[in-house]
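Trainee: final26.txt (compact mmCIF, C-alpha atoms) pasted underneath:
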```txt
# COMPACT_ATOMS: atom_id res chain seq x y z
CA MET A 1 -53.97 -8.85 -3.34
CA ARG A 2 -55.01 -10.60 -6.53
CA PHE A 3 -53.52 -10.07 -9.99
CA GLY A 4 -55.33 -10.57 -13.28
CA LEU A 5 -53.15 -10.88 -16.34
CA HIS A 6 -54.49 -10.68 -19.89
CA CYS A 7 -52.33 -11.76 -22.83
CA ALA A 8 -53.61 -9.69 -25.77
CA GLY A 9 -52.36 -9.45 -29.33
CA ASP A 10 -50.22 -6.33 -28.90
CA ARG A 11 -49.69 -6.03 -25.16
CA VAL A 12 -49.93 -7.85 -21.84
CA VAL A 13 -51.89 -6.16 -19.05
CA ALA A 14 -51.83 -6.95 -15.34
CA ALA A 15 -54.60 -5.52 -13.14
CA THR A 16 -54.58 -5.46 -9.34
CA PHE A 17 -57.52 -6.19 -7.05
CA ALA A 18 -56.93 -5.55 -3.35
CA ARG A 19 -59.04 -4.80 -0.28
CA GLY A 20 -62.22 -4.96 -2.29
CA VAL A 21 -61.28 -2.48 -5.03
CA LEU A 22 -59.50 -2.43 -8.38
CA ARG A 23 -56.32 -0.42 -7.84
CA ASP A 24 -54.34 -0.02 -11.08
CA HIS A 25 -52.77 -1.94 -13.93
CA ARG A 26 -49.40 -2.27 -15.62
CA THR A 27 -48.71 -3.04 -19.28
CA ALA A 28 -45.89 -4.57 -21.28
CA PRO A 29 -45.64 -4.46 -25.09
CA VAL A 30 -45.54 -7.72 -27.01
CA ILE A 31 -41.97 -8.64 -27.92
CA SER A 32 -41.27 -10.29 -31.29
CA GLY A 33 -44.94 -11.09 -31.74
CA ASP A 34 -45.06 -13.45 -28.74
CA PRO A 35 -47.46 -12.38 -25.93
CA LEU A 36 -46.28 -15.28 -23.77
CA THR A 37 -42.72 -13.93 -23.67
CA SER A 38 -44.07 -10.50 -22.74
CA ALA A 39 -46.20 -12.02 -19.98
CA VAL A 40 -43.13 -13.68 -18.50
CA THR A 41 -41.24 -10.37 -18.67
CA LEU A 42 -44.06 -8.53 -16.90
CA LEU A 43 -44.37 -11.20 -14.21
CA THR A 44 -40.64 -11.13 -13.54
CA GLY A 45 -40.70 -7.37 -12.97
CA LEU A 46 -43.74 -7.22 -10.68
CA PRO A 47 -41.92 -7.78 -7.35
CA LYS A 48 -39.60 -4.81 -8.02
CA ALA A 49 -42.59 -2.57 -8.81
CA ASP A 50 -44.45 -3.70 -5.69
CA SER A 51 -41.44 -3.07 -3.46
CA ARG A 52 -41.96 0.66 -4.02
CA ARG A 53 -45.47 0.42 -2.58
CA MET A 54 -45.12 0.02 1.16
CA ASP A 55 -48.85 -0.53 1.67
CA ALA A 56 -49.12 -3.34 -0.89
CA PRO A 57 -50.68 -6.47 0.69
CA ALA A 58 -49.33 -9.94 0.01
CA VAL A 59 -50.10 -11.41 -3.41
CA ALA A 60 -52.60 -14.23 -2.95
CA SER A 61 -53.21 -15.30 -6.55
CA PHE A 62 -52.76 -14.75 -10.26
CA THR A 63 -55.55 -15.41 -12.77
CA PHE A 64 -54.49 -15.51 -16.41
CA GLU A 65 -56.65 -14.77 -19.46
CA VAL A 66 -54.99 -16.68 -22.30
CA SER A 67 -57.70 -17.35 -24.89
CA GLU A 68 -56.02 -15.11 -27.49
CA ILE A 69 -52.78 -17.09 -27.37
CA LEU A 70 -54.35 -20.57 -27.36
CA ARG A 71 -53.72 -21.93 -30.85
CA PRO A 72 -54.49 -25.45 -32.09
CA ASP A 73 -51.75 -27.57 -33.63
CA VAL A 74 -52.93 -28.65 -37.09
CA THR A 75 -49.62 -29.97 -38.38
CA THR A 76 -49.57 -33.32 -36.54
CA PRO A 77 -51.98 -35.87 -38.07
CA VAL A 78 -54.91 -37.02 -35.93
CA HIS A 79 -56.74 -40.32 -36.23
CA LEU A 80 -60.42 -40.51 -35.25
CA ILE A 81 -61.52 -43.90 -33.94
CA ARG A 82 -65.31 -44.22 -34.13
CA VAL A 83 -66.79 -47.12 -32.15
CA SER A 84 -70.31 -47.90 -33.32
CA PRO A 85 -72.64 -50.84 -34.01
CA ARG A 86 -72.80 -49.64 -37.63
CA THR A 87 -69.31 -49.42 -39.05
CA GLY A 88 -69.97 -48.48 -42.66
CA GLN A 89 -68.48 -45.25 -43.93
CA GLY A 90 -72.00 -43.87 -44.39
CA SER A 91 -72.88 -44.38 -40.72
CA PHE A 92 -71.68 -40.91 -39.77
CA ASP A 93 -71.41 -37.54 -41.37
CA PRO A 94 -67.85 -36.73 -42.50
CA PHE A 95 -65.74 -34.80 -40.04
CA THR A 96 -65.82 -31.16 -41.17
CA LEU A 97 -64.43 -28.10 -39.43
CA PRO A 98 -64.40 -24.80 -41.35
CA TRP A 99 -61.43 -23.43 -39.39
CA LEU A 100 -59.41 -26.56 -40.17
CA ALA A 101 -60.14 -26.30 -43.89
CA ALA A 102 -59.14 -22.62 -43.80
CA THR A 103 -55.66 -23.54 -42.57
CA GLY A 104 -55.10 -25.81 -45.55
CA ALA A 105 -54.29 -28.70 -43.20
CA ALA A 106 -55.43 -32.23 -44.01
CA GLY A 107 -58.47 -33.45 -42.15
CA PRO A 108 -58.24 -36.27 -39.59
CA ARG A 109 -58.13 -39.89 -40.72
CA ILE A 110 -61.16 -41.92 -39.66
CA LEU A 111 -61.39 -45.59 -38.69
CA HIS A 112 -64.68 -47.32 -37.83
CA VAL A 113 -64.59 -50.10 -35.22
CA PRO A 114 -67.55 -52.35 -34.23
CA GLY A 115 -68.80 -51.79 -30.67
CA GLY A 116 -70.86 -49.44 -28.54
CA HIS A 117 -73.43 -49.31 -25.72
CA ASN A 118 -77.07 -48.34 -25.52
CA ALA A 119 -78.63 -45.54 -23.46
CA ARG A 120 -78.60 -47.79 -20.37
CA GLY A 121 -74.93 -48.57 -20.64
CA GLN A 122 -75.53 -52.10 -21.94
CA GLU A 123 -73.25 -53.45 -24.66
CA ILE A 124 -74.91 -53.50 -28.07
CA VAL A 125 -72.09 -55.02 -30.10
CA SER A 126 -68.92 -56.63 -28.80
CA LEU A 127 -65.86 -54.48 -29.33
CA ASP A 128 -63.55 -55.76 -32.07
CA VAL A 129 -60.15 -54.18 -31.46
CA ALA A 130 -58.72 -56.27 -34.28
CA GLY A 131 -60.04 -53.54 -36.56
CA LEU A 132 -57.32 -51.24 -35.24
CA ALA A 133 -54.84 -53.23 -37.30
CA SER A 134 -56.27 -51.58 -40.41
CA LEU A 135 -55.23 -48.09 -39.27
CA PRO A 136 -53.65 -46.05 -42.06
CA THR A 137 -49.96 -45.22 -41.78
CA VAL A 138 -49.38 -43.83 -38.29
CA SER A 139 -46.41 -41.76 -37.23
CA ARG A 140 -44.39 -43.58 -34.58
CA THR A 141 -43.44 -40.27 -32.95
CA ALA A 142 -46.20 -39.32 -30.48
CA PRO A 143 -49.19 -40.16 -32.73
CA ARG A 144 -52.53 -38.56 -31.82
CA PHE A 145 -55.89 -40.30 -31.52
CA VAL A 146 -59.45 -39.28 -30.64
CA VAL A 147 -61.68 -42.15 -29.52
CA THR A 148 -65.46 -41.75 -29.58
CA ALA A 149 -67.89 -44.57 -28.82
CA VAL A 150 -71.66 -44.75 -28.99
CA GLY A 151 -73.10 -44.75 -25.44
CA SER A 152 -69.78 -43.84 -23.81
CA LEU A 153 -71.26 -41.12 -21.58
CA LEU A 154 -72.80 -43.80 -19.36
CA ASN A 155 -70.34 -46.59 -20.09
CA PRO A 156 -66.89 -45.59 -21.41
CA ALA A 157 -65.53 -49.17 -21.34
CA HIS A 158 -65.12 -49.46 -25.11
CA GLU A 159 -63.36 -46.11 -25.44
CA LEU A 160 -60.94 -47.03 -22.66
CA ARG A 161 -60.28 -50.49 -24.11
CA VAL A 162 -59.52 -49.00 -27.52
CA GLY A 163 -57.17 -46.55 -25.79
CA SER A 164 -55.35 -49.40 -24.04
CA GLU A 165 -54.87 -51.22 -27.33
CA LEU A 166 -53.59 -48.04 -29.00
CA GLN A 167 -51.10 -47.52 -26.18
CA ARG A 168 -49.92 -51.11 -26.62
CA GLN A 169 -49.40 -50.62 -30.35
CA PHE A 170 -48.08 -47.06 -30.12
CA PRO A 171 -46.35 -46.39 -26.76
CA GLY A 172 -46.40 -42.69 -25.91
CA ALA A 173 -49.44 -41.97 -28.08
CA ASN A 174 -51.59 -38.93 -27.21
CA ILE A 175 -55.18 -40.10 -26.79
CA GLU A 176 -58.30 -38.04 -26.16
CA TYR A 177 -61.52 -39.75 -25.04
CA SER A 178 -64.76 -38.06 -25.99
CA HIS A 179 -66.67 -39.33 -22.93
CA GLN A 180 -64.75 -36.73 -20.90
CA PHE A 181 -66.84 -34.02 -22.57
CA HIS A 182 -70.50 -34.06 -21.62
CA HIS A 183 -72.89 -33.86 -24.56
CA THR A 184 -75.44 -36.31 -25.94
CA SER A 185 -74.32 -35.69 -29.53
CA PHE A 186 -71.63 -38.05 -30.83
CA ALA A 187 -70.44 -35.38 -33.29
CA VAL A 188 -70.19 -32.64 -30.65
CA ARG A 189 -68.19 -34.87 -28.29
CA GLU A 190 -65.86 -35.93 -31.09
CA ARG A 191 -65.34 -32.35 -32.31
CA THR A 192 -64.65 -31.16 -28.75
CA ALA A 193 -62.16 -33.95 -28.07
CA PHE A 194 -60.39 -33.28 -31.39
CA LEU A 195 -59.99 -29.57 -30.69
CA ASN A 196 -58.95 -30.17 -27.08
CA LEU A 197 -56.21 -32.51 -28.29
CA ALA A 198 -55.08 -29.97 -30.90
CA LEU A 199 -54.83 -27.27 -28.19
CA ARG A 200 -52.93 -29.30 -25.63
CA GLU A 201 -49.36 -28.75 -26.83
CA ARG A 202 -49.74 -24.96 -26.81
CA ALA A 203 -51.57 -25.11 -23.47
CA GLU A 204 -48.75 -27.09 -21.89
CA SER A 205 -46.18 -24.50 -22.99
CA ILE A 206 -48.35 -21.69 -21.58
CA VAL A 207 -48.73 -23.47 -18.24
CA THR A 208 -44.99 -24.12 -17.97
CA ALA A 209 -43.91 -20.59 -18.89
CA LEU A 210 -46.44 -18.80 -16.66
CA SER A 211 -45.95 -21.17 -13.72
CA VAL A 212 -42.17 -20.77 -13.71
CA ALA A 213 -42.35 -16.97 -13.98
CA ALA A 214 -45.11 -16.55 -11.39
CA ARG A 215 -43.48 -18.95 -8.91
CA GLY A 216 -40.20 -17.10 -9.28
CA ALA A 217 -41.89 -13.75 -8.60
CA TYR A 218 -44.36 -14.81 -5.90
CA PRO A 219 -43.73 -18.37 -4.66
CA ALA A 220 -46.77 -18.41 -2.36
CA ALA A 221 -49.33 -17.16 -4.89
CA ARG A 222 -51.94 -19.58 -6.25
CA LEU A 223 -52.26 -19.71 -10.03
CA PHE A 224 -55.52 -19.85 -11.99
CA VAL A 225 -56.78 -19.45 -15.54
CA ALA A 226 -60.00 -17.80 -16.75
CA THR A 227 -62.62 -20.09 -18.29
CA ASN A 228 -65.39 -19.73 -20.85
CA CYS A 229 -68.13 -19.49 -18.22
CA GLY A 230 -66.79 -16.47 -16.31
CA GLY A 231 -64.94 -18.30 -13.55
CA SER A 232 -61.44 -19.61 -12.97
CA ILE A 233 -59.80 -23.00 -12.43
CA PRO A 234 -56.26 -23.99 -11.37
CA LEU A 235 -53.73 -23.14 -14.09
CA THR A 236 -52.49 -26.74 -14.19
CA ARG A 237 -55.88 -27.89 -15.47
CA LEU A 238 -55.36 -25.83 -18.63
CA ALA A 239 -52.90 -28.46 -19.84
CA ALA A 240 -55.58 -31.17 -19.61
CA THR A 241 -58.69 -29.29 -20.81
CA PRO A 242 -57.63 -26.16 -22.72
CA ILE A 243 -61.04 -26.25 -24.43
CA ASP A 244 -62.50 -24.73 -21.23
CA ALA A 245 -60.45 -21.54 -21.77
CA LEU A 246 -60.72 -21.29 -25.55
CA ALA A 247 -63.45 -18.61 -25.55
CA SER A 248 -62.97 -17.01 -22.15
CA LEU A 249 -62.37 -13.45 -23.36
CA HIS A 250 -65.98 -12.20 -23.56
CA ALA A 251 -66.80 -13.59 -20.12
CA THR A 252 -63.64 -12.08 -18.63
CA GLN A 253 -64.38 -8.68 -20.16
CA ALA A 254 -67.91 -8.86 -18.74
CA MET A 255 -66.45 -9.58 -15.30
CA GLY A 256 -64.18 -6.55 -15.63
CA ALA A 257 -67.05 -4.31 -16.71
CA ALA A 258 -69.10 -5.57 -13.75
CA ALA A 259 -66.23 -4.76 -11.39
CA VAL A 260 -66.03 -1.23 -12.81
CA ALA A 261 -69.79 -0.76 -12.56
CA GLY A 262 -69.83 -2.23 -9.05
CA THR A 263 -72.63 -4.68 -9.80
CA THR A 264 -73.04 -8.42 -9.25
CA SER A 265 -76.59 -9.09 -10.50
CA GLY A 266 -79.05 -7.94 -13.13
CA THR A 267 -78.44 -6.80 -16.71
CA LEU A 268 -74.97 -5.49 -17.53
CA THR A 269 -74.20 -3.58 -20.76
CA PHE A 270 -70.64 -2.64 -21.66
CA GLU A 271 -68.62 -1.56 -24.68
CA VAL A 272 -65.49 -3.07 -26.20
CA GLY A 273 -63.91 -1.58 -29.29
CA GLY A 274 -67.05 0.35 -30.18
CA GLU A 275 -69.19 -2.79 -29.93
CA ARG A 276 -71.83 -2.94 -27.22
CA ARG A 277 -72.45 -6.21 -25.43
CA TRP A 278 -74.75 -7.29 -22.66
CA CYS A 279 -75.34 -10.21 -20.34
CA GLU A 280 -77.31 -11.17 -17.26
CA LEU A 281 -75.30 -11.38 -14.04
CA ALA A 282 -76.17 -13.84 -11.31
CA ASN A 283 -74.01 -14.88 -8.35
CA GLY A 284 -71.48 -12.32 -9.57
CA ILE A 285 -70.80 -13.96 -12.97
CA PRO A 286 -72.52 -13.92 -16.38
CA SER A 287 -75.34 -16.35 -17.11
CA VAL A 288 -74.19 -19.45 -18.96
CA VAL A 289 -75.27 -21.87 -21.66
CA PRO A 290 -74.35 -25.58 -21.39
CA ALA A 291 -72.46 -25.68 -24.72
CA LEU A 292 -70.25 -23.17 -26.50
CA HIS A 293 -71.56 -22.05 -29.89
CA SER A 294 -68.54 -20.79 -31.84
CA SER A 295 -68.69 -19.42 -35.38
CA THR A 296 -65.09 -20.55 -35.81
CA PHE A 297 -65.08 -23.99 -34.20
CA GLY A 298 -68.73 -25.03 -34.22
CA LYS A 299 -70.67 -26.36 -31.24
CA LEU A 300 -68.44 -27.56 -28.38
CA ALA A 301 -69.17 -29.44 -25.17
CA THR A 302 -67.99 -26.81 -22.67
CA PRO A 303 -70.14 -24.40 -20.61
CA ALA A 304 -69.85 -20.80 -21.83
CA SER A 305 -71.03 -17.36 -20.80
CA ASN A 306 -74.08 -15.98 -22.58
CA VAL A 307 -72.63 -12.57 -23.54
CA ARG A 308 -74.52 -11.10 -26.51
CA LEU A 309 -74.49 -8.06 -28.75
CA GLY A 310 -76.78 -5.34 -27.40
CA ALA A 311 -77.38 -1.70 -26.56
CA GLY A 312 -78.14 0.47 -23.56
CA ASN A 313 -76.22 2.23 -20.81
CA VAL A 314 -72.54 1.38 -20.94
CA ALA A 315 -70.32 0.57 -17.96
CA SER A 316 -67.86 3.25 -16.82
CA ALA A 317 -64.90 4.04 -19.04
CA ALA A 318 -61.71 2.01 -18.81
CA THR A 319 -59.89 4.99 -17.30
CA ASP A 320 -61.90 4.46 -14.11
CA VAL A 321 -60.07 1.16 -13.76
CA SER A 322 -56.68 2.26 -14.97
CA PRO A 323 -55.87 5.91 -14.27
CA HIS A 324 -52.19 5.26 -14.90
CA ASP A 325 -52.63 4.19 -18.52
CA SER A 326 -55.68 5.71 -20.17
CA THR A 327 -54.38 4.67 -23.61
CA ALA A 328 -55.17 1.01 -23.00
CA PRO A 329 -58.16 -0.18 -25.06
CA GLU A 330 -61.27 -0.86 -22.98
CA GLY A 331 -61.36 -4.53 -23.99
CA VAL A 332 -57.82 -5.12 -22.76
CA THR A 333 -58.44 -3.23 -19.52
CA PHE A 334 -61.76 -4.94 -18.84
CA ALA A 335 -60.18 -8.35 -19.46
CA ALA A 336 -57.31 -7.78 -17.03
CA ALA A 337 -59.67 -6.36 -14.40
CA GLY A 338 -62.09 -9.23 -14.90
CA ALA A 339 -59.35 -11.80 -14.47
CA ALA A 340 -58.25 -10.15 -11.23
CA ARG A 341 -61.81 -10.25 -9.91
CA MET A 342 -62.76 -13.71 -11.16
CA PRO A 343 -64.10 -16.23 -8.62
CA ARG A 344 -63.48 -19.98 -8.69
CA VAL A 345 -66.15 -21.86 -10.60
CA ASP A 346 -66.33 -25.59 -11.16
CA TRP A 347 -68.75 -27.92 -12.92
CA LEU A 348 -69.83 -31.52 -12.77
CA MET A 349 -71.89 -32.90 -15.66
CA THR A 350 -72.55 -36.60 -15.98
CA LEU A 351 -75.07 -39.36 -16.66
CA LEU A 352 -75.90 -41.86 -13.96
CA GLN A 353 -78.36 -44.63 -13.19
CA SER A 354 -80.83 -44.23 -10.36
CA ARG A 355 -83.53 -46.74 -9.45
CA ASN A 356 -85.58 -44.42 -7.24
CA GLU A 357 -85.81 -40.88 -5.90
CA ALA A 358 -83.85 -41.61 -2.71
CA GLU A 359 -80.94 -43.04 -4.70
CA MET A 360 -81.03 -40.04 -7.04
CA LEU A 361 -80.84 -37.59 -4.12
CA ARG A 362 -77.93 -39.50 -2.56
CA SER A 363 -76.06 -39.44 -5.87
CA LYS A 364 -76.68 -35.71 -6.27
CA GLU A 365 -75.53 -34.90 -2.74
CA ALA A 366 -72.39 -37.01 -3.16
CA ALA A 367 -71.61 -35.24 -6.45
CA GLU A 368 -72.05 -31.81 -4.84
CA ALA A 369 -69.73 -32.83 -2.00
CA ARG A 370 -67.04 -33.90 -4.50
CA LEU A 371 -67.37 -30.61 -6.36
CA HIS A 372 -67.10 -28.58 -3.13
CA ALA A 373 -64.02 -30.56 -2.11
CA ARG A 374 -62.43 -29.79 -5.47
CA LEU A 375 -62.95 -26.06 -4.96
CA VAL A 376 -61.66 -26.15 -1.37
CA SER A 377 -58.51 -27.85 -2.68
CA THR A 378 -57.73 -24.64 -4.64
CA GLY A 379 -57.35 -22.74 -1.36
CA VAL A 380 -60.85 -21.31 -0.84
CA PRO A 381 -62.29 -21.64 2.69
CA PRO A 382 -65.18 -24.17 2.80
CA GLU A 383 -67.61 -21.52 4.09
CA HIS A 384 -67.18 -19.53 0.86
CA VAL A 385 -68.22 -22.42 -1.41
CA ARG A 386 -71.80 -22.72 -2.58
CA THR A 387 -73.76 -24.72 -5.13
CA VAL A 388 -75.52 -22.25 -7.44
CA GLU A 389 -76.96 -24.74 -9.92
CA SER A 390 -78.01 -28.34 -9.39
CA LEU A 391 -80.20 -29.91 -12.07
CA VAL A 392 -81.41 -33.45 -12.58
CA THR A 393 -83.14 -34.23 -15.86
CA ALA A 394 -84.41 -37.35 -17.58
CA THR A 395 -82.42 -38.43 -20.62
CA SER A 396 -85.34 -40.04 -22.50
CA TYR A 397 -88.81 -41.41 -21.92
CA GLY A 398 -87.61 -44.93 -22.62
CA ASN A 399 -84.95 -44.96 -19.90
CA PRO A 400 -86.43 -43.61 -16.66
CA GLU A 401 -83.51 -44.94 -14.60
CA VAL A 402 -80.91 -42.93 -16.51
CA ILE A 403 -80.65 -39.28 -15.49
CA ALA A 404 -78.43 -36.35 -16.40
CA LEU A 405 -76.80 -34.46 -13.54
CA ARG A 406 -75.48 -30.91 -13.94
CA ILE A 407 -73.97 -29.09 -10.95
CA ARG A 408 -72.18 -25.74 -10.76
CA ALA A 409 -70.43 -24.48 -7.64
CA ILE A 410 -68.82 -21.11 -7.05
CA ALA A 411 -66.38 -19.76 -4.47
CA ASP A 412 -65.05 -16.27 -3.88
CA GLU A 413 -62.59 -15.81 -1.05
CA ASP A 414 -62.76 -11.99 -1.25
CA ARG A 415 -66.55 -11.71 -1.33
CA PRO A 416 -68.31 -14.42 0.69
CA ILE A 417 -71.45 -15.60 -1.05
CA ALA A 418 -74.68 -14.82 0.80
CA ARG A 419 -76.43 -17.85 2.23
CA GLU A 420 -80.18 -18.01 2.31
CA GLY A 421 -81.33 -15.49 4.87
CA VAL A 422 -77.78 -14.34 5.63
CA PRO A 423 -76.41 -11.19 3.94
CA ALA A 424 -72.99 -11.34 2.23
```
Can you turn what I pasted into structure tokens?
Mentor:
Amino acid sequence: MRFGLHCAGDRVVAATFARGVLRDHRTAPVISGDPLTSAVTLLTGLPKADSRRMDAPAVASFTFEVSEILRPDVTTPVHLIRVSPRTGQGSFDPFTLPWLAATGAAGPRILHVPGGHNARGQEIVSLDVAGLASLPTVSRTAPRFVVTAVGSLLNPAHELRVGSELQRQFPGANIEYSHQFHHTSFAVRERTAFLNLALRERAESIVTALSVAARGAYPAARLFVATNCGGSIPLTRLAATPIDALASLHATQAMGAAAVAGTTSGTLTFEVGGERRWCELANGIPSVVPALHSSTFGKLATPASNVRLGAGNVASAATDVSPHDSTAPEGVTFAAAGAARMPRVDWLMTLLQSRNEAEMLRSKEAAEARLHARLVSTGVPPEHVRTVESLVTATSYGNPEVIALRIRAIADEDRPIAREGVPA
């Protein structure tokens, strides 16, 4: 049995998926405006409710949908360290985020440091960490830094060296490196790293609270969190990359609507709060775009589902999923059901150097093997893991030896994925 738990604004909903079907859901009202507290309360009471159901199978996993309670911390100052061959203040556009300005919080402080690499990973300008001495006044209590270097996707040496120097000057500093987020745009990587850092404190509290409650209720259950692309990853990874769950709600609702409609491929149209949406399903999850386009946060370097506004036939009503609580809004019900039904999905996106086709194929196969091993480590049998996307593209005409690798693998322990020529 798998539970999906959605933390909404006014209630927390837990849906159950067992023996191939969605069974029911339970709700708990939000207490004192804190959905996380209500989620803990609901989790704590689940074993008692299940004890009354003699036919209930063992609980294998929980998948949490937490995008509505992920909030960035804008009170602690952040310093942006920009490593570039051109260090003048006019070398980059100013750092602007509409959502940050709307909060009234001060924008991040920016320091330019000489350094950087070219598209082949070769050093353009030697890194001058002495420039870090000119940092504006920095809080000595857990200061926060975002380090972004030109060319760091292929060679992150300058970002890491700056980070080491910052740790030496400010022990215990929180540092986010933009090379961890795959995008060719310096600004997109920097914006993503900044927001990820701002989300981390809240994400850590969510992971701690949900882990303690779930472990107390069901010690053997595996814990996951819904992501922007319509899949799930281990809950512990939320603390490191909360950006991957920031906009997971639409994808999770689409997964719930698909479960209600009993479909895994083709065009899906569903309704949430009177608004019709649609997406293309493939391999049981919505189609994806390589970067999240958010009206609130701007363009971010995280894969996201391509759920759009649309019209057409709508998936079955929420009461088909939840006969015990027909008052629950469809969006809340779909989200809980989608979380319960969500498969494991993992990505690998990177740049690498390859001198010939044989070397490229070896690198791709090795990367796929690492991604499969990561999914198996979450408890999914190896035979249920499959690569559903594996792309190799050139980065530019001037650098034929540098390629971009993008791999997506999926695993579903309840519904084995069909192999070529073999039905699921």
Trainee: Give me the residues near Arg86 (chain A) as a ChimeraX atom specification, where near means some atom within 12 Å (using only C-alpha atoms) and where sequence neighbours in that chain fewer than 4 positions away do not count.
Mentor: /A:82,90-92,112-117,124-127,149-150
Trainee: What does the structure give for the distance between CA of Arg408 (chain A) and CA of Gly298 (chain A), in Å to one decimal?
Mentor: 23.7 Å
Trainee: Rank nothing, just name the residue among A:Gly262, A:Gly4, A:Pro382, A:Pro234 nearest to Thr16 (chain A), using only C-alpha atoms.
Mentor: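 Under the stated criterion, the closest residue is A:Gly4.
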Trainee: One decimal, in Å: what's the spacing between CA of Lys299 (chain A) and CA of Thr103 (chain A)?
Mentor: 19.0 Å
Trainee: Pick out the residues sitting within 10 Å of Pro35 (chain A), and hand them over as a ChimeraX atom specification; count only C-alpha atoms, and ignore anything fewer than 4 positions along from it in its own chain.
Mentor: /A:6-12,28-31,39-41,66,68-69
Trainee: Store the residues picked out above in a file with C-alpha atoms, as a PDB file, in the coordinates of the input.
Mentor:
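That gives us out-v1.pdb:
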```
ATOM      1  CA  HIS A   6     -54.490 -10.680 -19.890  1.00  0.00           C
ATOM      2  CA  CYS A   7     -52.330 -11.760 -22.830  1.00  0.00           C
ATOM      3  CA  ALA A   8     -53.610  -9.690 -25.770  1.00  0.00           C
ATOM      4  CA  GLY A   9     -52.360  -9.450 -29.330  1.00  0.00           C
ATOM      5  CA  ASP A  10     -50.220  -6.330 -28.900  1.00  0.00           C
ATOM      6  CA  ARG A  11     -49.690  -6.030 -25.160  1.00  0.00           C
ATOM      7  CA  VAL A  12     -49.930  -7.850 -21.840  1.00  0.00           C
ATOM      8  CA  ALA A  28     -45.890  -4.570 -21.280  1.00  0.00           C
ATOM      9  CA  PRO A  29     -45.640  -4.460 -25.090  1.00  0.00           C
ATOM     10  CA  VAL A  30     -45.540  -7.720 -27.010  1.00  0.00           C
ATOM     11  CA  ILE A  31     -41.970  -8.640 -27.920  1.00  0.00           C
ATOM     12  CA  ALA A  39     -46.200 -12.020 -19.980  1.00  0.00           C
ATOM     13  CA  VAL A  40     -43.130 -13.680 -18.500  1.00  0.00           C
ATOM     14  CA  THR A  41     -41.240 -10.370 -18.670  1.00  0.00           C
ATOM     15  CA  VAL A  66     -54.990 -16.680 -22.300  1.00  0.00           C
ATOM     16  CA  GLU A  68     -56.020 -15.110 -27.490  1.00  0.00           C
ATOM     17  CA  ILE A  69     -52.780 -17.090 -27.370  1.00  0.00           C
TER      18      ILE A  69
END
```
